[in-house]
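Asks: Structure in structure tokens, see below.
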Amino acid sequence: MTLLALATCSSLFAQRPRQRTAFNTDTLMVHDPVLAFENGTYYLLSTGMGISWATSEDRQTWTVQPTMFMNEVPQWTHDFVPGFRNHVWAPDIIRWHGRWWLMYSCSTFGKNTSAIGLLSTPSLAHPEWKDEGCVVASNSPKSFDATAHVDWNAIDPNIVIDRNDQPWLTFGSFWDGIQLVRLDSTMHIMRGFQPSTIARRYGSPMPDIQNPTSEFAGPNAIEAPFIYQRDGWYYLFVSWDYCCRGSQSTYRVVCGRSRNITGPYVDREGKRMLDGGGTLVIEGDKTLFEAAGHCAVYDLPMSGKPQQTLFICHGYSVPMQGQSILVQRILEWEEGWPKTIHN
């Protein structure tokens, strides 16, 4: 039995942090960035206390906001994830059927006792956040079967709406790799469906190598999925190898594609991502960035110009001694594949 976090979540909230002062910058220090756009304003969300955020009208000059984007962190997150301290990871946000849906990760580093939560609001400029509770949890003491075990990690959510207007959730980090599951109209897992693996860092058997970041996670160093649709294909972008180590990070982004959202996803050479396949999109050049990863991909409609594909991720800056900063690139396409990005 998978551990789906279906228990009712409390509406009590944890204490909010002290407010700081907004400031402007052209170099955003972020981890795990995603974008939303509403009424001429870009909202850049990233890992941080209650989710860090910044706003911009041109994606060049950013106003770093002093408050948590979530406004308040639900108390249930602490019940589901012992040791969680409001440092919210890897959000994702999408507008669907007149509302903004925000998913976020609650965990502790290197462990897969984790949960993905959900909030919704009709507007970002004047948010009225509704706590939609837990979407999925892994190895949580608050699941229905506290003795059950799953070999995946409920973090790094990405909400996908397929060509039939059906919502899906892809997520995962290390353990058994990237997961996909069907959602219902409330953005919760559809009854009768369970997460299934769609990508791994290595094929079978897994190599006997040491994970330098966790004694629990194993060597399956793949995470941060993002599914993007183009010309009848679903493109699965994932991050390989190790983040969060500053100048020692080895992050890079690869992708595969499928005609069906459920896969199989294969790389440009025809190798399945389930077997460790992946076509390189971006990696560190050791001049500007030591490494780069945890991406998101969006269409940018341009007035009077062909549509462009915006790729964002974070990169570990060489000039800034490994500081994680926002990377923005325009993807070019060649024979149905994103061309490798050079920093």
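Each chain in the structure tokens gets a letter, A, B, ..., in the order shown, and its residues are numbered from 1; ligands are numbered from 1 in order too.
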Which residues, written as a PyMOL selection string, have at least one atom at most 9 Å from Gln210 in chain A, with only C-alpha atoms counted and residues fewer than 5 positions away on the same chain left out?

Replies: chain A and resi 215+218-219

Asks: So which bits of range 18-212 of chain A end up strand (DSSP E) when you DSSP the backbone, as an MDAnalysis selection string?

Replies: chainID A and resid 23:25 34:38 41:46 48:49 52:56 62:64 87:96 99:106 114:121 130:138 158:161 167:171 178:182 196:199

Asks: I need the residue nearest Asp275 in chain A from this list: A:Tyr202, A:Phe289, A:Tyr316, A:Trp168. Use only C-alpha atoms for the distance.

Replies: A:Tyr202

Asks: Within 6 Å of Gly172 in chain A, counting only C-alpha atoms, which residues qualify if same-chain residues fewer than 5 places away don't, as a list of chain:residue names?

Replies: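 Near Gly172 in chain A, the qualifying residues are A:Asn153, A:Ala154, A:Ile155, A:Asp156, A:Gly177, A:Ile178, A:Gln179, A:Glu223.
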
Asks: Could you save those same residues with all heavy atoms as a PDB file, in the first residue's frame?

Replies:
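Writing done, so here's selection25.pdb:
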```
ATOM      1  N   ASN A 153      10.178   9.442  -2.756  1.00  0.00           N
ATOM      2  CA  ASN A 153      10.258  10.608  -1.886  1.00  0.00           C
ATOM      3  C   ASN A 153       9.258  11.669  -2.351  1.00  0.00           C
ATOM      4  O   ASN A 153       9.340  12.133  -3.500  1.00  0.00           O
ATOM      5  CB  ASN A 153      11.676  11.179  -1.905  1.00  0.00           C
ATOM      6  CG  ASN A 153      11.927  12.171  -0.781  1.00  0.00           C
ATOM      7  OD1 ASN A 153      11.093  12.362   0.089  1.00  0.00           O
ATOM      8  ND2 ASN A 153      13.086  12.803  -0.806  1.00  0.00           N
ATOM      9  N   ALA A 154       8.331  12.047  -1.481  1.00  0.00           N
ATOM     10  CA  ALA A 154       7.253  12.983  -1.842  1.00  0.00           C
ATOM     11  C   ALA A 154       7.729  14.430  -1.722  1.00  0.00           C
ATOM     12  O   ALA A 154       7.302  15.188  -0.853  1.00  0.00           O
ATOM     13  CB  ALA A 154       6.029  12.740  -0.971  1.00  0.00           C
ATOM     14  N   ILE A 155       8.619  14.822  -2.646  1.00  0.00           N
ATOM     15  CA  ILE A 155       9.045  16.221  -2.765  1.00  0.00           C
ATOM     16  C   ILE A 155       9.142  16.577  -4.244  1.00  0.00           C
ATOM     17  O   ILE A 155       8.952  15.741  -5.116  1.00  0.00           O
ATOM     18  CB  ILE A 155      10.394  16.503  -2.060  1.00  0.00           C
ATOM     19  CG1 ILE A 155      11.550  15.766  -2.756  1.00  0.00           C
ATOM     20  CG2 ILE A 155      10.332  16.123  -0.591  1.00  0.00           C
ATOM     21  CD1 ILE A 155      12.921  16.196  -2.256  1.00  0.00           C
ATOM     22  N   ASP A 156       9.441  17.839  -4.534  1.00  0.00           N
ATOM     23  CA  ASP A 156       9.647  18.345  -5.895  1.00  0.00           C
ATOM     24  C   ASP A 156       8.422  18.154  -6.790  1.00  0.00           C
ATOM     25  O   ASP A 156       8.500  17.559  -7.885  1.00  0.00           O
ATOM     26  CB  ASP A 156      10.868  17.680  -6.532  1.00  0.00           C
ATOM     27  CG  ASP A 156      12.176  18.055  -5.866  1.00  0.00           C
ATOM     28  OD1 ASP A 156      12.142  18.866  -4.916  1.00  0.00           O
ATOM     29  OD2 ASP A 156      13.228  17.545  -6.284  1.00  0.00           O
ATOM     30  N   GLY A 177      13.253   7.157  -7.743  1.00  0.00           N
ATOM     31  CA  GLY A 177      13.234   8.092  -8.852  1.00  0.00           C
ATOM     32  C   GLY A 177      11.964   8.894  -9.013  1.00  0.00           C
ATOM     33  O   GLY A 177      11.248   9.173  -8.056  1.00  0.00           O
ATOM     34  N   ILE A 178      11.665   9.263 -10.260  1.00  0.00           N
ATOM     35  CA  ILE A 178      10.589  10.196 -10.594  1.00  0.00           C
ATOM     36  C   ILE A 178       9.264   9.449 -10.695  1.00  0.00           C
ATOM     37  O   ILE A 178       9.158   8.418 -11.368  1.00  0.00           O
ATOM     38  CB  ILE A 178      10.890  10.921 -11.919  1.00  0.00           C
ATOM     39  CG1 ILE A 178      12.250  11.636 -11.839  1.00  0.00           C
ATOM     40  CG2 ILE A 178       9.777  11.903 -12.245  1.00  0.00           C
ATOM     41  CD1 ILE A 178      12.399  12.590 -10.680  1.00  0.00           C
ATOM     42  N   GLN A 179       8.243  10.008 -10.040  1.00  0.00           N
ATOM     43  CA  GLN A 179       6.914   9.398  -9.976  1.00  0.00           C
ATOM     44  C   GLN A 179       5.892  10.225 -10.766  1.00  0.00           C
ATOM     45  O   GLN A 179       6.057  11.432 -10.943  1.00  0.00           O
ATOM     46  CB  GLN A 179       6.452   9.293  -8.525  1.00  0.00           C
ATOM     47  CG  GLN A 179       7.439   8.631  -7.589  1.00  0.00           C
ATOM     48  CD  GLN A 179       7.745   7.203  -7.972  1.00  0.00           C
ATOM     49  OE1 GLN A 179       6.838   6.379  -8.080  1.00  0.00           O
ATOM     50  NE2 GLN A 179       9.022   6.899  -8.195  1.00  0.00           N
ATOM     51  N   GLU A 223      16.045  13.913  -9.694  1.00  0.00           N
ATOM     52  CA  GLU A 223      14.992  14.623  -8.970  1.00  0.00           C
ATOM     53  C   GLU A 223      14.455  15.772  -9.813  1.00  0.00           C
ATOM     54  O   GLU A 223      14.819  15.946 -10.976  1.00  0.00           O
ATOM     55  CB  GLU A 223      15.520  15.141  -7.625  1.00  0.00           C
ATOM     56  CG  GLU A 223      16.679  16.099  -7.721  1.00  0.00           C
ATOM     57  CD  GLU A 223      17.253  16.466  -6.353  1.00  0.00           C
ATOM     58  OE1 GLU A 223      16.934  15.783  -5.367  1.00  0.00           O
ATOM     59  OE2 GLU A 223      18.029  17.437  -6.287  1.00  0.00           O
TER      60      GLU A 223
END
```

Asks: Which residue gives the smallest distance to Thr67 in chain A among A:Asn24, A:Ser105, A:Ser138, A:Ser52, with only C-alpha atoms counted?

Replies: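 Checking each candidate against Thr67 in chain A, we get A:Ser52 as the closest.
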
Asks: Go through A:Asn86, A:Ser196, A:Gln328, A:Ser239 one by one, measure the shortest atom-to-atom distance of each to Thr279 in chain A using only C-alpha atoms, and give the residue with the smallest value.

Replies: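 When distances to Thr279 in chain A are compared using only C-alpha atoms, the smallest one comes from A:Ser239.
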
Asks: Could you check which of A:Tyr43, A:Phe69, A:Trp152, A:Phe226 is closest to Val253 in chain A, using only C-alpha atoms?

Replies: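 Closest to Val253 in chain A, using only C-alpha atoms: A:Phe226.
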
Asks: List the neighbours of Gly277 in chain A out to 12 Å using only C-alpha atoms; skip same-chain residues closer than 3 positions along the sequence, and give me the result as a list in words.

Replies: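 Everything that qualifies: Ile198, Ala199, Arg200, Arg201, Tyr202, Gly203, Ile222, Leu236, Phe237, Val238, Trp240, Val253, Val254, Cys255, Gly256, Arg257, Pro264, Tyr265, Val266, Asp267, Arg268, Glu269, Gly270, Lys271, Arg272, Met273, Leu274 and Leu280 of chain A.
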
Asks: For the atom pair CA of Met29 in chain A and CA of Ile94 in chain A, what is the interatomic distance in Å to one decimal place?

Replies: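 Going from CA of Met29 in chain A over to CA of Ile94 in chain A covers 22.5 Å.
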
Asks: For Thr55 in chain A, list every protein, DNA or RNA residue within 6 Å, evaluated using only C-alpha atoms, and leave out those in the same chain fewer than 6 positions away; present the list as a list in words.

Replies: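 That gives Tyr42, Tyr43, Trp62 and Thr63 of chain A.
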
Asks: Neighbouring residues of Glu132 in chain A were defined as those with any atom within 8 Å, considering only C-alpha atoms; residues of the same chain fewer than 3 positions away were excluded. Please report them as a list of chain:residue names.

Replies: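 Selected residues are A:Gly117, A:Leu118, A:Leu119, A:Ser120.
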
Asks: Write a file of the selected residues as a short mmCIF file (atom, residue, chain, number, x, y, z; two decimals), in the first residue's frame, keeping N, CA and C atoms.

Replies:
```
data_model
loop_
_atom_site.label_atom_id
_atom_site.label_comp_id
_atom_site.auth_asym_id
_atom_site.auth_seq_id
_atom_site.Cartn_x
_atom_site.Cartn_y
_atom_site.Cartn_z
N GLY A 117 2.16 19.48 0.04
CA GLY A 117 0.94 20.18 0.41
C GLY A 117 0.39 21.01 -0.74
N LEU A 118 -0.83 21.52 -0.54
CA LEU A 118 -1.53 22.24 -1.60
C LEU A 118 -2.26 23.44 -1.03
N LEU A 119 -2.11 24.59 -1.69
CA LEU A 119 -2.88 25.80 -1.41
C LEU A 119 -3.53 26.27 -2.71
N SER A 120 -4.59 27.06 -2.60
CA SER A 120 -5.18 27.66 -3.79
C SER A 120 -5.67 29.06 -3.48
#
```

Asks: Need the shell around Gly110 in chain A: protein/DNA/RNA residues with any atom at most 9 Å away, counting only C-alpha atoms. Skip same-chain ones fewer than 2 positions apart. Format as a PyMOL selection string?

Replies: chain A and resi 107-108+112+213-217

Asks: Output all heavy atoms for every residue in the selection just made, as a short mmCIF file (atom, residue, chain, number, x, y, z; two decimals), in the first residue's frame.

Replies:
```
data_model
loop_
_atom_site.label_atom_id
_atom_site.label_comp_id
_atom_site.auth_asym_id
_atom_site.auth_seq_id
_atom_site.Cartn_x
_atom_site.Cartn_y
_atom_site.Cartn_z
N SER A 107 10.00 18.45 4.10
CA SER A 107 10.87 17.31 4.33
C SER A 107 12.03 17.73 5.22
O SER A 107 12.07 18.86 5.73
CB SER A 107 11.39 16.77 3.00
OG SER A 107 12.03 15.51 3.17
N THR A 108 12.96 16.82 5.43
CA THR A 108 14.24 17.11 6.07
C THR A 108 15.32 16.49 5.19
O THR A 108 15.09 15.46 4.55
CB THR A 108 14.31 16.53 7.49
OG1 THR A 108 14.06 15.12 7.44
CG2 THR A 108 13.31 17.20 8.41
N ASN A 112 13.34 10.46 3.32
CA ASN A 112 12.12 10.45 2.51
C ASN A 112 10.86 10.34 3.36
O ASN A 112 9.83 9.83 2.91
CB ASN A 112 12.16 9.38 1.43
CG ASN A 112 12.04 7.97 1.97
OD1 ASN A 112 12.42 7.69 3.10
ND2 ASN A 112 11.49 7.07 1.15
N THR A 213 25.76 12.83 -0.09
CA THR A 213 24.88 13.75 0.62
C THR A 213 23.96 13.08 1.63
O THR A 213 23.39 13.76 2.48
CB THR A 213 24.02 14.55 -0.37
OG1 THR A 213 23.14 13.65 -1.07
CG2 THR A 213 24.88 15.30 -1.37
N SER A 214 23.74 11.77 1.51
CA SER A 214 22.77 11.10 2.38
C SER A 214 23.11 9.63 2.54
O SER A 214 23.39 8.95 1.55
CB SER A 214 21.35 11.23 1.83
OG SER A 214 20.44 10.41 2.53
N GLU A 215 23.06 9.13 3.76
CA GLU A 215 23.27 7.71 4.00
C GLU A 215 22.01 6.89 3.75
O GLU A 215 22.04 5.66 3.76
CB GLU A 215 23.73 7.49 5.45
CG GLU A 215 22.72 7.94 6.50
CD GLU A 215 23.20 7.69 7.92
OE1 GLU A 215 23.48 6.52 8.23
OE2 GLU A 215 23.29 8.67 8.69
N PHE A 216 20.89 7.57 3.52
CA PHE A 216 19.61 6.88 3.35
C PHE A 216 19.15 6.81 1.90
O PHE A 216 18.46 5.87 1.50
CB PHE A 216 18.51 7.59 4.16
CG PHE A 216 18.85 7.77 5.61
CD1 PHE A 216 19.20 9.02 6.10
CD2 PHE A 216 18.84 6.71 6.49
CE1 PHE A 216 19.51 9.21 7.44
CE2 PHE A 216 19.15 6.87 7.83
CZ PHE A 216 19.48 8.13 8.31
N ALA A 217 19.49 7.81 1.08
CA ALA A 217 18.85 7.99 -0.22
C ALA A 217 19.35 7.03 -1.29
O ALA A 217 18.65 6.77 -2.26
CB ALA A 217 19.03 9.43 -0.70
#
```

Asks: Can you work out which one of A:Phe80, A:Leu102, A:Thr27, A:Ala90 has the shortest atom-to-atom distance to Ala115 in chain A, counting only C-alpha atoms?

Replies: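 Nearest candidate to Ala115 in chain A out of A:Phe80, A:Leu102, A:Thr27, A:Ala90: A:Phe80.
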
Asks: Between A:Ile159, A:Met103, A:Cys134, A:Cys295, which residue has the minimum interatomic distance to His78 in chain A, considering only C-alpha atoms?

Replies: A:Cys134
